[in-house]
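For reference, run.cif is printed below; it contains mmCIF, N, CA and C atoms and all ligand atoms.
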```
data_start
#
loop_
_atom_site.label_atom_id
_atom_site.label_comp_id
_atom_site.auth_asym_id
_atom_site.auth_seq_id
_atom_site.Cartn_x
_atom_site.Cartn_y
_atom_site.Cartn_z
N MET A 1 140.05 70.96 79.38
CA MET A 1 138.79 70.60 78.73
C MET A 1 137.84 69.94 79.74
N ILE A 2 138.35 68.91 80.40
CA ILE A 2 137.50 68.21 81.37
C ILE A 2 137.12 69.13 82.53
N SER A 3 138.08 69.92 82.97
CA SER A 3 137.77 70.77 84.12
C SER A 3 136.74 71.84 83.74
N TRP A 4 136.78 72.27 82.48
CA TRP A 4 135.81 73.25 81.99
C TRP A 4 134.40 72.67 82.04
N VAL A 5 134.29 71.41 81.58
CA VAL A 5 132.98 70.76 81.60
C VAL A 5 132.49 70.54 83.02
N SER A 6 133.40 70.11 83.88
CA SER A 6 132.94 69.83 85.25
C SER A 6 132.60 71.13 85.99
N THR A 7 133.31 72.21 85.64
CA THR A 7 132.95 73.50 86.25
C THR A 7 131.52 73.88 85.85
N LEU A 8 131.21 73.68 84.59
CA LEU A 8 129.86 73.99 84.10
C LEU A 8 128.81 73.14 84.80
N LEU A 9 129.11 71.86 84.92
CA LEU A 9 128.19 70.94 85.60
C LEU A 9 127.98 71.37 87.04
N PHE A 10 129.07 71.72 87.66
CA PHE A 10 129.02 72.15 89.05
C PHE A 10 128.13 73.39 89.21
N LEU A 11 128.30 74.32 88.27
CA LEU A 11 127.50 75.55 88.31
C LEU A 11 126.01 75.23 88.14
N CYS A 12 125.70 74.30 87.23
CA CYS A 12 124.31 73.92 87.02
C CYS A 12 123.72 73.33 88.29
N LEU A 13 124.50 72.50 88.95
CA LEU A 13 124.04 71.88 90.18
C LEU A 13 123.79 72.95 91.25
N LEU A 14 124.65 73.94 91.26
CA LEU A 14 124.50 75.03 92.24
C LEU A 14 123.23 75.83 91.97
N MET A 15 122.95 76.07 90.69
CA MET A 15 121.84 76.93 90.32
C MET A 15 120.48 76.26 90.53
N ALA A 16 120.41 74.96 90.34
CA ALA A 16 119.11 74.27 90.34
C ALA A 16 118.27 74.56 91.59
N PRO A 17 118.81 74.38 92.78
CA PRO A 17 117.97 74.65 93.95
C PRO A 17 117.62 76.13 94.09
N LEU A 18 118.50 77.01 93.63
CA LEU A 18 118.21 78.44 93.71
C LEU A 18 116.95 78.78 92.93
N VAL A 19 116.83 78.19 91.76
CA VAL A 19 115.67 78.46 90.91
C VAL A 19 114.39 78.01 91.61
N THR A 20 114.44 76.84 92.23
CA THR A 20 113.24 76.33 92.91
C THR A 20 112.89 77.19 94.12
N ILE A 21 113.92 77.61 94.85
CA ILE A 21 113.67 78.39 96.06
C ILE A 21 113.02 79.73 95.71
N GLN A 22 113.42 80.30 94.58
CA GLN A 22 112.92 81.63 94.25
C GLN A 22 111.47 81.66 93.79
N ALA A 23 110.98 80.55 93.23
CA ALA A 23 109.61 80.55 92.75
C ALA A 23 108.64 80.62 93.93
N GLU A 24 107.61 81.46 93.82
CA GLU A 24 106.64 81.55 94.89
C GLU A 24 105.83 80.26 94.93
N ASP A 25 105.50 79.84 96.12
CA ASP A 25 104.72 78.63 96.28
C ASP A 25 103.31 78.97 96.76
N ILE A 26 102.38 78.86 95.85
CA ILE A 26 101.00 79.26 96.14
C ILE A 26 100.37 78.38 97.22
N ASN A 27 100.74 77.09 97.22
CA ASN A 27 100.17 76.18 98.23
C ASN A 27 100.64 76.54 99.63
N VAL A 28 101.95 76.87 99.73
CA VAL A 28 102.48 77.31 101.01
C VAL A 28 101.79 78.61 101.43
N GLY A 29 101.61 79.50 100.47
CA GLY A 29 100.95 80.78 100.73
C GLY A 29 99.54 80.59 101.25
N GLN A 30 98.84 79.66 100.62
CA GLN A 30 97.45 79.39 101.02
C GLN A 30 97.40 78.88 102.46
N GLU A 31 98.32 77.98 102.78
CA GLU A 31 98.35 77.41 104.12
C GLU A 31 98.68 78.48 105.17
N LEU A 32 99.70 79.30 104.86
CA LEU A 32 100.09 80.37 105.78
C LEU A 32 98.92 81.33 105.99
N HIS A 33 98.25 81.67 104.90
CA HIS A 33 97.14 82.59 104.96
C HIS A 33 96.01 82.03 105.82
N GLN A 34 95.70 80.75 105.57
CA GLN A 34 94.63 80.08 106.32
C GLN A 34 94.88 80.12 107.82
N LYS A 35 96.13 79.91 108.20
CA LYS A 35 96.47 79.83 109.62
C LYS A 35 96.55 81.18 110.30
N ASN A 36 96.95 82.22 109.53
CA ASN A 36 97.29 83.48 110.19
C ASN A 36 96.43 84.68 109.84
N CYS A 37 95.67 84.60 108.77
CA CYS A 37 95.12 85.83 108.24
C CYS A 37 93.60 85.92 108.27
N LEU A 38 92.92 84.97 108.87
CA LEU A 38 91.47 84.99 108.76
C LEU A 38 90.78 85.43 110.06
N SER A 39 91.57 85.87 111.05
CA SER A 39 90.95 86.24 112.31
C SER A 39 90.25 87.59 112.26
N CYS A 40 90.72 88.51 111.42
CA CYS A 40 90.09 89.83 111.34
C CYS A 40 89.17 89.96 110.14
N HIS A 41 89.66 89.55 108.99
CA HIS A 41 88.81 89.67 107.80
C HIS A 41 88.77 88.35 107.04
N GLN A 42 87.65 88.07 106.47
CA GLN A 42 87.51 86.89 105.62
C GLN A 42 88.03 87.24 104.23
N THR A 43 88.04 86.27 103.36
CA THR A 43 88.57 86.52 102.00
C THR A 43 87.67 87.47 101.21
N LYS A 44 86.47 87.72 101.72
CA LYS A 44 85.55 88.65 101.05
C LYS A 44 86.20 90.02 100.84
N ILE A 45 87.05 90.39 101.77
CA ILE A 45 87.68 91.71 101.71
C ILE A 45 88.53 91.86 100.45
N TYR A 46 89.03 90.74 99.91
CA TYR A 46 89.86 90.79 98.71
C TYR A 46 89.02 90.93 97.44
N GLU A 47 87.73 90.70 97.59
CA GLU A 47 86.86 90.69 96.40
C GLU A 47 85.89 91.86 96.36
N ARG A 48 85.89 92.67 97.40
CA ARG A 48 84.94 93.79 97.43
C ARG A 48 85.27 94.76 96.30
N THR A 49 84.24 95.45 95.82
CA THR A 49 84.44 96.30 94.65
C THR A 49 85.30 97.53 94.97
N ASP A 50 85.25 97.98 96.23
CA ASP A 50 86.04 99.16 96.58
C ASP A 50 87.33 98.78 97.31
N ARG A 51 87.89 97.63 96.97
CA ARG A 51 89.12 97.22 97.65
C ARG A 51 90.24 98.23 97.40
N THR A 52 91.11 98.32 98.39
CA THR A 52 92.11 99.40 98.35
C THR A 52 93.35 99.03 97.54
N VAL A 53 93.65 97.74 97.45
CA VAL A 53 94.87 97.32 96.76
C VAL A 53 94.68 97.37 95.24
N LYS A 54 95.57 98.12 94.57
CA LYS A 54 95.38 98.32 93.13
C LYS A 54 96.51 97.76 92.27
N THR A 55 97.64 97.44 92.89
CA THR A 55 98.77 96.90 92.11
C THR A 55 99.40 95.74 92.88
N LEU A 56 100.22 94.96 92.17
CA LEU A 56 100.90 93.82 92.79
C LEU A 56 101.83 94.29 93.91
N LYS A 57 102.52 95.41 93.64
CA LYS A 57 103.43 95.97 94.63
C LYS A 57 102.68 96.38 95.90
N HIS A 58 101.55 97.00 95.66
CA HIS A 58 100.70 97.43 96.77
C HIS A 58 100.18 96.21 97.55
N LEU A 59 99.86 95.14 96.82
CA LEU A 59 99.37 93.93 97.47
C LEU A 59 100.44 93.37 98.41
N ARG A 60 101.68 93.32 97.90
CA ARG A 60 102.77 92.80 98.73
C ARG A 60 102.97 93.65 99.99
N SER A 61 102.90 94.97 99.83
CA SER A 61 103.11 95.80 101.01
C SER A 61 101.94 95.70 101.98
N GLN A 62 100.75 95.45 101.46
CA GLN A 62 99.59 95.26 102.35
C GLN A 62 99.72 93.96 103.15
N VAL A 63 100.20 92.90 102.47
CA VAL A 63 100.43 91.62 103.14
C VAL A 63 101.46 91.82 104.25
N LEU A 64 102.55 92.51 103.91
CA LEU A 64 103.60 92.80 104.87
C LEU A 64 103.06 93.61 106.04
N PHE A 65 102.29 94.63 105.72
CA PHE A 65 101.71 95.52 106.72
C PHE A 65 100.85 94.74 107.71
N CYS A 66 99.94 93.92 107.17
CA CYS A 66 99.05 93.14 108.05
C CYS A 66 99.85 92.14 108.87
N ALA A 67 100.87 91.53 108.27
CA ALA A 67 101.67 90.55 108.99
C ALA A 67 102.43 91.23 110.13
N VAL A 68 103.13 92.31 109.81
CA VAL A 68 103.93 93.02 110.81
C VAL A 68 103.06 93.52 111.97
N ASN A 69 101.89 94.03 111.62
CA ASN A 69 101.00 94.56 112.64
C ASN A 69 100.35 93.50 113.51
N ASN A 70 100.49 92.26 113.11
CA ASN A 70 99.93 91.18 113.91
C ASN A 70 101.01 90.28 114.50
N ASP A 71 102.22 90.83 114.56
CA ASP A 71 103.37 90.08 115.10
C ASP A 71 103.56 88.73 114.43
N ILE A 72 103.24 88.67 113.15
CA ILE A 72 103.52 87.45 112.39
C ILE A 72 104.89 87.65 111.76
N GLU A 73 105.83 86.83 112.17
CA GLU A 73 107.20 87.03 111.69
C GLU A 73 107.50 86.14 110.50
N TRP A 74 107.22 86.66 109.33
CA TRP A 74 107.44 85.90 108.11
C TRP A 74 108.73 86.35 107.43
N PHE A 75 109.38 85.41 106.76
CA PHE A 75 110.52 85.74 105.90
C PHE A 75 109.98 86.36 104.62
N ASP A 76 110.86 87.00 103.85
CA ASP A 76 110.47 87.58 102.57
C ASP A 76 109.77 86.56 101.69
N GLU A 77 110.29 85.31 101.70
CA GLU A 77 109.70 84.28 100.83
C GLU A 77 108.26 83.98 101.23
N GLU A 78 107.99 84.05 102.52
CA GLU A 78 106.63 83.75 102.98
C GLU A 78 105.67 84.88 102.60
N ILE A 79 106.16 86.11 102.69
CA ILE A 79 105.38 87.25 102.21
C ILE A 79 105.09 87.07 100.71
N ASP A 80 106.12 86.66 99.97
CA ASP A 80 105.96 86.44 98.53
C ASP A 80 104.95 85.33 98.25
N ASP A 81 105.02 84.25 99.03
CA ASP A 81 104.10 83.12 98.82
C ASP A 81 102.66 83.54 99.05
N VAL A 82 102.42 84.27 100.13
CA VAL A 82 101.05 84.70 100.44
C VAL A 82 100.57 85.72 99.40
N THR A 83 101.49 86.60 98.98
CA THR A 83 101.13 87.57 97.93
C THR A 83 100.74 86.83 96.65
N ALA A 84 101.53 85.82 96.29
CA ALA A 84 101.25 85.05 95.07
C ALA A 84 99.92 84.31 95.20
N TYR A 85 99.67 83.78 96.38
CA TYR A 85 98.40 83.07 96.61
C TYR A 85 97.21 84.03 96.44
N LEU A 86 97.29 85.18 97.11
CA LEU A 86 96.18 86.13 97.03
C LEU A 86 96.00 86.64 95.60
N ASN A 87 97.14 86.84 94.93
CA ASN A 87 97.04 87.33 93.55
C ASN A 87 96.41 86.29 92.64
N THR A 88 96.78 85.04 92.81
CA THR A 88 96.28 83.98 91.94
C THR A 88 94.78 83.76 92.12
N PHE A 89 94.32 83.87 93.37
CA PHE A 89 92.91 83.56 93.63
C PHE A 89 92.00 84.79 93.62
N TYR A 90 92.53 85.97 93.93
CA TYR A 90 91.65 87.12 94.08
C TYR A 90 92.02 88.33 93.24
N TYR A 91 93.27 88.75 93.27
CA TYR A 91 93.58 90.05 92.68
C TYR A 91 93.90 90.00 91.19
N LEU A 92 94.55 88.93 90.77
CA LEU A 92 94.81 88.69 89.33
C LEU A 92 95.62 89.79 88.65
N PHE A 93 96.59 90.37 89.34
CA PHE A 93 97.50 91.31 88.69
C PHE A 93 98.50 90.53 87.85
N ASP A 94 99.08 91.19 86.88
CA ASP A 94 100.12 90.59 86.07
C ASP A 94 101.34 90.33 86.94
N MET A 95 101.81 89.08 87.02
CA MET A 95 102.91 88.74 87.93
C MET A 95 104.29 89.10 87.37
N LYS A 96 104.36 89.57 86.16
CA LYS A 96 105.69 89.83 85.57
C LYS A 96 106.33 91.12 86.05
C1 LIG A 101 94.33 92.41 113.38
C2 LIG A 101 93.44 92.21 112.26
C3 LIG A 101 94.01 91.78 110.91
C4 LIG A 101 94.69 90.62 110.64
C5 LIG A 101 95.03 89.46 111.58
C6 LIG A 101 95.01 90.67 109.22
N1 LIG A 101 94.52 91.82 108.67
FE1 LIG A 101 94.57 92.30 106.67
N2 LIG A 101 93.48 94.00 107.06
C7 LIG A 101 93.10 94.42 108.32
C8 LIG A 101 92.42 95.70 108.19
C9 LIG A 101 91.83 96.52 109.35
C10 LIG A 101 92.42 96.02 106.80
C11 LIG A 101 91.85 97.27 106.14
C12 LIG A 101 90.39 97.09 105.95
C13 LIG A 101 89.78 98.25 105.19
O1 LIG A 101 90.51 98.99 104.50
O2 LIG A 101 88.55 98.38 105.27
C14 LIG A 101 93.08 94.92 106.13
C15 LIG A 101 93.24 94.85 104.76
C16 LIG A 101 93.93 93.84 104.09
C17 LIG A 101 94.12 93.78 102.65
C18 LIG A 101 93.63 94.80 101.62
C19 LIG A 101 92.23 94.46 101.14
C20 LIG A 101 91.84 95.37 99.99
O3 LIG A 101 91.06 96.30 100.20
O4 LIG A 101 92.29 95.13 98.84
C21 LIG A 101 94.88 92.68 102.40
C22 LIG A 101 95.38 92.18 101.06
C23 LIG A 101 95.13 92.05 103.68
N3 LIG A 101 94.52 92.77 104.69
C24 LIG A 101 95.89 90.91 103.84
C25 LIG A 101 96.11 90.29 105.07
C26 LIG A 101 96.98 89.16 105.24
C27 LIG A 101 97.76 88.48 104.12
C28 LIG A 101 96.94 88.82 106.56
C29 LIG A 101 97.75 87.73 107.25
C30 LIG A 101 99.14 88.04 107.38
C31 LIG A 101 96.05 89.75 107.23
N4 LIG A 101 95.58 90.63 106.28
C32 LIG A 101 95.75 89.71 108.57
C33 LIG A 101 93.27 93.75 109.51
C34 LIG A 101 93.90 92.52 109.67
#
```
Rewrite the structure of this file - the entire thing - as structure tokens.
Ligand code: HEC
Amino acid sequence: MISWVSTLLFLCLLMAPLVTIQAEDINVGQELHQKNCLSCHQTKIYERTDRTVKTLKHLRSQVLFCAVNNDIEWFDEEIDDVTAYLNTFYYLFDMK
């Protein structure tokens, strides 16, 4: 009985940081974007009427494409953070 409860508690403790790590951090994304992404295009490019990105998936691959092509070595989470930042402020696709 006791070991069952402590196993459950242990599992909860294990899961808690995982949940936080997985959530995209828009503030981190904004900072990364500010430092790395404004040398070629300003944020205007995200708001132009004929912008090329049409879906969230496409947005993520565009972020990855621009990062890779500029020797910016980001982890998946950083790509996700910047994607979430751009989506929240400019693209407004459904995040689900
Ligand atoms: C070396 C220059 C350069 C840098 C640095 C750069 N980009 Fe780009 N980016 C481009 C070019 C060129 C395009 C395509 C412009 C066009 O289609 O007219 C583009 C397009 C985009 C688009 C698509 C805009 C649309 O039409 O919807 C996104 C999103 C984007 N970049 C994100 C980023 C992000 C995020 C970074 C930082 C990792 C970044 N870019 C850094 C050159 C750059």
Exercise. Compute the set of protein, DNA and RNA residues whose minimum atom distance to ligand LIG 101 (chain A) is at most 8 Å, using all atoms listed in the file, and state it as a PyMOL selection string.
Key: chain A and resi 32-41+44-54+58-72+79+82-83+86
Hey, can you spit out that residue selection with N, CA and C atoms as a short mmCIF file (atom, residue, chain, number, x, y, z; two decimals), in the frame of the given file?
```cif
data_model
loop_
_atom_site.label_atom_id
_atom_site.label_comp_id
_atom_site.auth_asym_id
_atom_site.auth_seq_id
_atom_site.Cartn_x
_atom_site.Cartn_y
_atom_site.Cartn_z
N LEU A 32 99.70 79.30 104.86
CA LEU A 32 100.09 80.37 105.78
C LEU A 32 98.92 81.33 105.99
N HIS A 33 98.25 81.67 104.90
CA HIS A 33 97.14 82.59 104.96
C HIS A 33 96.01 82.03 105.82
N GLN A 34 95.70 80.75 105.57
CA GLN A 34 94.63 80.08 106.32
C GLN A 34 94.88 80.12 107.82
N LYS A 35 96.13 79.91 108.20
CA LYS A 35 96.47 79.83 109.62
C LYS A 35 96.55 81.18 110.30
N ASN A 36 96.95 82.22 109.53
CA ASN A 36 97.29 83.48 110.19
C ASN A 36 96.43 84.68 109.84
N CYS A 37 95.67 84.60 108.77
CA CYS A 37 95.12 85.83 108.24
C CYS A 37 93.60 85.92 108.27
N LEU A 38 92.92 84.97 108.87
CA LEU A 38 91.47 84.99 108.76
C LEU A 38 90.78 85.43 110.06
N SER A 39 91.57 85.87 111.05
CA SER A 39 90.95 86.24 112.31
C SER A 39 90.25 87.59 112.26
N CYS A 40 90.72 88.51 111.42
CA CYS A 40 90.09 89.83 111.34
C CYS A 40 89.17 89.96 110.14
N HIS A 41 89.66 89.55 108.99
CA HIS A 41 88.81 89.67 107.80
C HIS A 41 88.77 88.35 107.04
N LYS A 44 86.47 87.72 101.72
CA LYS A 44 85.55 88.65 101.05
C LYS A 44 86.20 90.02 100.84
N ILE A 45 87.05 90.39 101.77
CA ILE A 45 87.68 91.71 101.71
C ILE A 45 88.53 91.86 100.45
N TYR A 46 89.03 90.74 99.91
CA TYR A 46 89.86 90.79 98.71
C TYR A 46 89.02 90.93 97.44
N GLU A 47 87.73 90.70 97.59
CA GLU A 47 86.86 90.69 96.40
C GLU A 47 85.89 91.86 96.36
N ARG A 48 85.89 92.67 97.40
CA ARG A 48 84.94 93.79 97.43
C ARG A 48 85.27 94.76 96.30
N THR A 49 84.24 95.45 95.82
CA THR A 49 84.44 96.30 94.65
C THR A 49 85.30 97.53 94.97
N ASP A 50 85.25 97.98 96.23
CA ASP A 50 86.04 99.16 96.58
C ASP A 50 87.33 98.78 97.31
N ARG A 51 87.89 97.63 96.97
CA ARG A 51 89.12 97.22 97.65
C ARG A 51 90.24 98.23 97.40
N THR A 52 91.11 98.32 98.39
CA THR A 52 92.11 99.40 98.35
C THR A 52 93.35 99.03 97.54
N VAL A 53 93.65 97.74 97.45
CA VAL A 53 94.87 97.32 96.76
C VAL A 53 94.68 97.37 95.24
N LYS A 54 95.57 98.12 94.57
CA LYS A 54 95.38 98.32 93.13
C LYS A 54 96.51 97.76 92.27
N HIS A 58 101.55 97.00 95.66
CA HIS A 58 100.70 97.43 96.77
C HIS A 58 100.18 96.21 97.55
N LEU A 59 99.86 95.14 96.82
CA LEU A 59 99.37 93.93 97.47
C LEU A 59 100.44 93.37 98.41
N ARG A 60 101.68 93.32 97.90
CA ARG A 60 102.77 92.80 98.73
C ARG A 60 102.97 93.65 99.99
N SER A 61 102.90 94.97 99.83
CA SER A 61 103.11 95.80 101.01
C SER A 61 101.94 95.70 101.98
N GLN A 62 100.75 95.45 101.46
CA GLN A 62 99.59 95.26 102.35
C GLN A 62 99.72 93.96 103.15
N VAL A 63 100.20 92.90 102.47
CA VAL A 63 100.43 91.62 103.14
C VAL A 63 101.46 91.82 104.25
N LEU A 64 102.55 92.51 103.91
CA LEU A 64 103.60 92.80 104.87
C LEU A 64 103.06 93.61 106.04
N PHE A 65 102.29 94.63 105.72
CA PHE A 65 101.71 95.52 106.72
C PHE A 65 100.85 94.74 107.71
N CYS A 66 99.94 93.92 107.17
CA CYS A 66 99.05 93.14 108.05
C CYS A 66 99.85 92.14 108.87
N ALA A 67 100.87 91.53 108.27
CA ALA A 67 101.67 90.55 108.99
C ALA A 67 102.43 91.23 110.13
N VAL A 68 103.13 92.31 109.81
CA VAL A 68 103.93 93.02 110.81
C VAL A 68 103.06 93.52 111.97
N ASN A 69 101.89 94.03 111.62
CA ASN A 69 101.00 94.56 112.64
C ASN A 69 100.35 93.50 113.51
N ASN A 70 100.49 92.26 113.11
CA ASN A 70 99.93 91.18 113.91
C ASN A 70 101.01 90.28 114.50
N ASP A 71 102.22 90.83 114.56
CA ASP A 71 103.37 90.08 115.10
C ASP A 71 103.56 88.73 114.43
N ILE A 72 103.24 88.67 113.15
CA ILE A 72 103.52 87.45 112.39
C ILE A 72 104.89 87.65 111.76
N ILE A 79 106.16 86.11 102.69
CA ILE A 79 105.38 87.25 102.21
C ILE A 79 105.09 87.07 100.71
N VAL A 82 102.42 84.27 100.13
CA VAL A 82 101.05 84.70 100.44
C VAL A 82 100.57 85.72 99.40
N THR A 83 101.49 86.60 98.98
CA THR A 83 101.13 87.57 97.93
C THR A 83 100.74 86.83 96.65
N LEU A 86 97.29 85.18 97.11
CA LEU A 86 96.18 86.13 97.03
C LEU A 86 96.00 86.64 95.60
#
```
Quiz prompt | Atomic distance CA of Lys57 in chain A - CA of Lys96 in chain A, expressed in Å with one decimal | solution =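 Answer for the CA of Lys57 in chain A to CA of Lys96 in chain A separation: 11.2 Å.
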Select from chain A everything DSSP, run on the backbone, classes as alpha helix (DSSP H), then give the selection as a compact mmCIF listing (two decimals) with N, CA and C atoms, in the coordinates of the input.
```txt
# COMPACT_ATOMS: atom_id res chain seq x y z
N ILE A 2 138.35 68.91 80.40
CA ILE A 2 137.50 68.21 81.37
C ILE A 2 137.12 69.13 82.53
N SER A 3 138.08 69.92 82.97
CA SER A 3 137.77 70.77 84.12
C SER A 3 136.74 71.84 83.74
N TRP A 4 136.78 72.27 82.48
CA TRP A 4 135.81 73.25 81.99
C TRP A 4 134.40 72.67 82.04
N VAL A 5 134.29 71.41 81.58
CA VAL A 5 132.98 70.76 81.60
C VAL A 5 132.49 70.54 83.02
N SER A 6 133.40 70.11 83.88
CA SER A 6 132.94 69.83 85.25
C SER A 6 132.60 71.13 85.99
N THR A 7 133.31 72.21 85.64
CA THR A 7 132.95 73.50 86.25
C THR A 7 131.52 73.88 85.85
N LEU A 8 131.21 73.68 84.59
CA LEU A 8 129.86 73.99 84.10
C LEU A 8 128.81 73.14 84.80
N LEU A 9 129.11 71.86 84.92
CA LEU A 9 128.19 70.94 85.60
C LEU A 9 127.98 71.37 87.04
N PHE A 10 129.07 71.72 87.66
CA PHE A 10 129.02 72.15 89.05
C PHE A 10 128.13 73.39 89.21
N LEU A 11 128.30 74.32 88.27
CA LEU A 11 127.50 75.55 88.31
C LEU A 11 126.01 75.23 88.14
N CYS A 12 125.70 74.30 87.23
CA CYS A 12 124.31 73.92 87.02
C CYS A 12 123.72 73.33 88.29
N LEU A 13 124.50 72.50 88.95
CA LEU A 13 124.04 71.88 90.18
C LEU A 13 123.79 72.95 91.25
N LEU A 14 124.65 73.94 91.26
CA LEU A 14 124.50 75.03 92.24
C LEU A 14 123.23 75.83 91.97
N MET A 15 122.95 76.07 90.69
CA MET A 15 121.84 76.93 90.32
C MET A 15 120.48 76.26 90.53
N ALA A 16 120.41 74.96 90.34
CA ALA A 16 119.11 74.27 90.34
C ALA A 16 118.27 74.56 91.59
N PRO A 17 118.81 74.38 92.78
CA PRO A 17 117.97 74.65 93.95
C PRO A 17 117.62 76.13 94.09
N LEU A 18 118.50 77.01 93.63
CA LEU A 18 118.21 78.44 93.71
C LEU A 18 116.95 78.78 92.93
N VAL A 19 116.83 78.19 91.76
CA VAL A 19 115.67 78.46 90.91
C VAL A 19 114.39 78.01 91.61
N THR A 20 114.44 76.84 92.23
CA THR A 20 113.24 76.33 92.91
C THR A 20 112.89 77.19 94.12
N ILE A 21 113.92 77.61 94.85
CA ILE A 21 113.67 78.39 96.06
C ILE A 21 113.02 79.73 95.71
N GLN A 22 113.42 80.30 94.58
CA GLN A 22 112.92 81.63 94.25
C GLN A 22 111.47 81.66 93.79
N ILE A 26 102.38 78.86 95.85
CA ILE A 26 101.00 79.26 96.14
C ILE A 26 100.37 78.38 97.22
N ASN A 27 100.74 77.09 97.22
CA ASN A 27 100.17 76.18 98.23
C ASN A 27 100.64 76.54 99.63
N VAL A 28 101.95 76.87 99.73
CA VAL A 28 102.48 77.31 101.01
C VAL A 28 101.79 78.61 101.43
N GLY A 29 101.61 79.50 100.47
CA GLY A 29 100.95 80.78 100.73
C GLY A 29 99.54 80.59 101.25
N GLN A 30 98.84 79.66 100.62
CA GLN A 30 97.45 79.39 101.02
C GLN A 30 97.40 78.88 102.46
N GLU A 31 98.32 77.98 102.78
CA GLU A 31 98.35 77.41 104.12
C GLU A 31 98.68 78.48 105.17
N LEU A 32 99.70 79.30 104.86
CA LEU A 32 100.09 80.37 105.78
C LEU A 32 98.92 81.33 105.99
N HIS A 33 98.25 81.67 104.90
CA HIS A 33 97.14 82.59 104.96
C HIS A 33 96.01 82.03 105.82
N GLN A 34 95.70 80.75 105.57
CA GLN A 34 94.63 80.08 106.32
C GLN A 34 94.88 80.12 107.82
N LYS A 35 96.13 79.91 108.20
CA LYS A 35 96.47 79.83 109.62
C LYS A 35 96.55 81.18 110.30
N ASN A 36 96.95 82.22 109.53
CA ASN A 36 97.29 83.48 110.19
C ASN A 36 96.43 84.68 109.84
N LEU A 56 100.22 94.96 92.17
CA LEU A 56 100.90 93.82 92.79
C LEU A 56 101.83 94.29 93.91
N LYS A 57 102.52 95.41 93.64
CA LYS A 57 103.43 95.97 94.63
C LYS A 57 102.68 96.38 95.90
N HIS A 58 101.55 97.00 95.66
CA HIS A 58 100.70 97.43 96.77
C HIS A 58 100.18 96.21 97.55
N LEU A 59 99.86 95.14 96.82
CA LEU A 59 99.37 93.93 97.47
C LEU A 59 100.44 93.37 98.41
N ARG A 60 101.68 93.32 97.90
CA ARG A 60 102.77 92.80 98.73
C ARG A 60 102.97 93.65 99.99
N SER A 61 102.90 94.97 99.83
CA SER A 61 103.11 95.80 101.01
C SER A 61 101.94 95.70 101.98
N GLN A 62 100.75 95.45 101.46
CA GLN A 62 99.59 95.26 102.35
C GLN A 62 99.72 93.96 103.15
N VAL A 63 100.20 92.90 102.47
CA VAL A 63 100.43 91.62 103.14
C VAL A 63 101.46 91.82 104.25
N LEU A 64 102.55 92.51 103.91
CA LEU A 64 103.60 92.80 104.87
C LEU A 64 103.06 93.61 106.04
N PHE A 65 102.29 94.63 105.72
CA PHE A 65 101.71 95.52 106.72
C PHE A 65 100.85 94.74 107.71
N CYS A 66 99.94 93.92 107.17
CA CYS A 66 99.05 93.14 108.05
C CYS A 66 99.85 92.14 108.87
N ALA A 67 100.87 91.53 108.27
CA ALA A 67 101.67 90.55 108.99
C ALA A 67 102.43 91.23 110.13
N VAL A 68 103.13 92.31 109.81
CA VAL A 68 103.93 93.02 110.81
C VAL A 68 103.06 93.52 111.97
N ASN A 69 101.89 94.03 111.62
CA ASN A 69 101.00 94.56 112.64
C ASN A 69 100.35 93.50 113.51
N ASP A 76 110.86 87.00 103.85
CA ASP A 76 110.47 87.58 102.57
C ASP A 76 109.77 86.56 101.69
N GLU A 77 110.29 85.31 101.70
CA GLU A 77 109.70 84.28 100.83
C GLU A 77 108.26 83.98 101.23
N GLU A 78 107.99 84.05 102.52
CA GLU A 78 106.63 83.75 102.98
C GLU A 78 105.67 84.88 102.60
N ILE A 79 106.16 86.11 102.69
CA ILE A 79 105.38 87.25 102.21
C ILE A 79 105.09 87.07 100.71
N ASP A 80 106.12 86.66 99.97
CA ASP A 80 105.96 86.44 98.53
C ASP A 80 104.95 85.33 98.25
N ASP A 81 105.02 84.25 99.03
CA ASP A 81 104.10 83.12 98.82
C ASP A 81 102.66 83.54 99.05
N VAL A 82 102.42 84.27 100.13
CA VAL A 82 101.05 84.70 100.44
C VAL A 82 100.57 85.72 99.40
N THR A 83 101.49 86.60 98.98
CA THR A 83 101.13 87.57 97.93
C THR A 83 100.74 86.83 96.65
N ALA A 84 101.53 85.82 96.29
CA ALA A 84 101.25 85.05 95.07
C ALA A 84 99.92 84.31 95.20
N TYR A 85 99.67 83.78 96.38
CA TYR A 85 98.40 83.07 96.61
C TYR A 85 97.21 84.03 96.44
N LEU A 86 97.29 85.18 97.11
CA LEU A 86 96.18 86.13 97.03
C LEU A 86 96.00 86.64 95.60
```
Quiz item: Which is closest to Glu31 in chain A among A:Tyr91, A:Trp74, A:Tyr85, A:Ile2, if we use all atoms listed in the file?
Solution: A:Tyr85
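Picture a line from CA of Phe89 in chain A to CA of Glu73 in chain A; it runs 23.3 Å.
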Exercise. For atom N of Ala23 in chain A and CA of Thr43 in chain A, quote the distance in Å rounded to one decimal.
Key: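 Rounded to one decimal, the two atoms are 24.8 Å apart.
Restricting the calculation to only N, CA and C atoms, the smallest distance between Gly29 in chain A and any of A:Asp81, A:Asp76, A:Leu56, A:Val5 is found for A:Asp81.
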Quiz item: From the set A:Asp94, A:Thr55, A:Glu77, A:Asn87, which residue has the shortest atom-to-atom contact distance to Asp25 in chain A, counting only N, CA and C atoms?
Solution: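 Smallest separation from Asp25 in chain A among the options: A:Glu77.
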Quiz item: If we count only C-alpha atoms, what is near Ala84 in chain A at a cut-off of 7 Å, once residues fewer than 4 positions away on the same chain are taken out, given as a PyMOL selection string?
Solution: chain A and resi 24+26+80+88
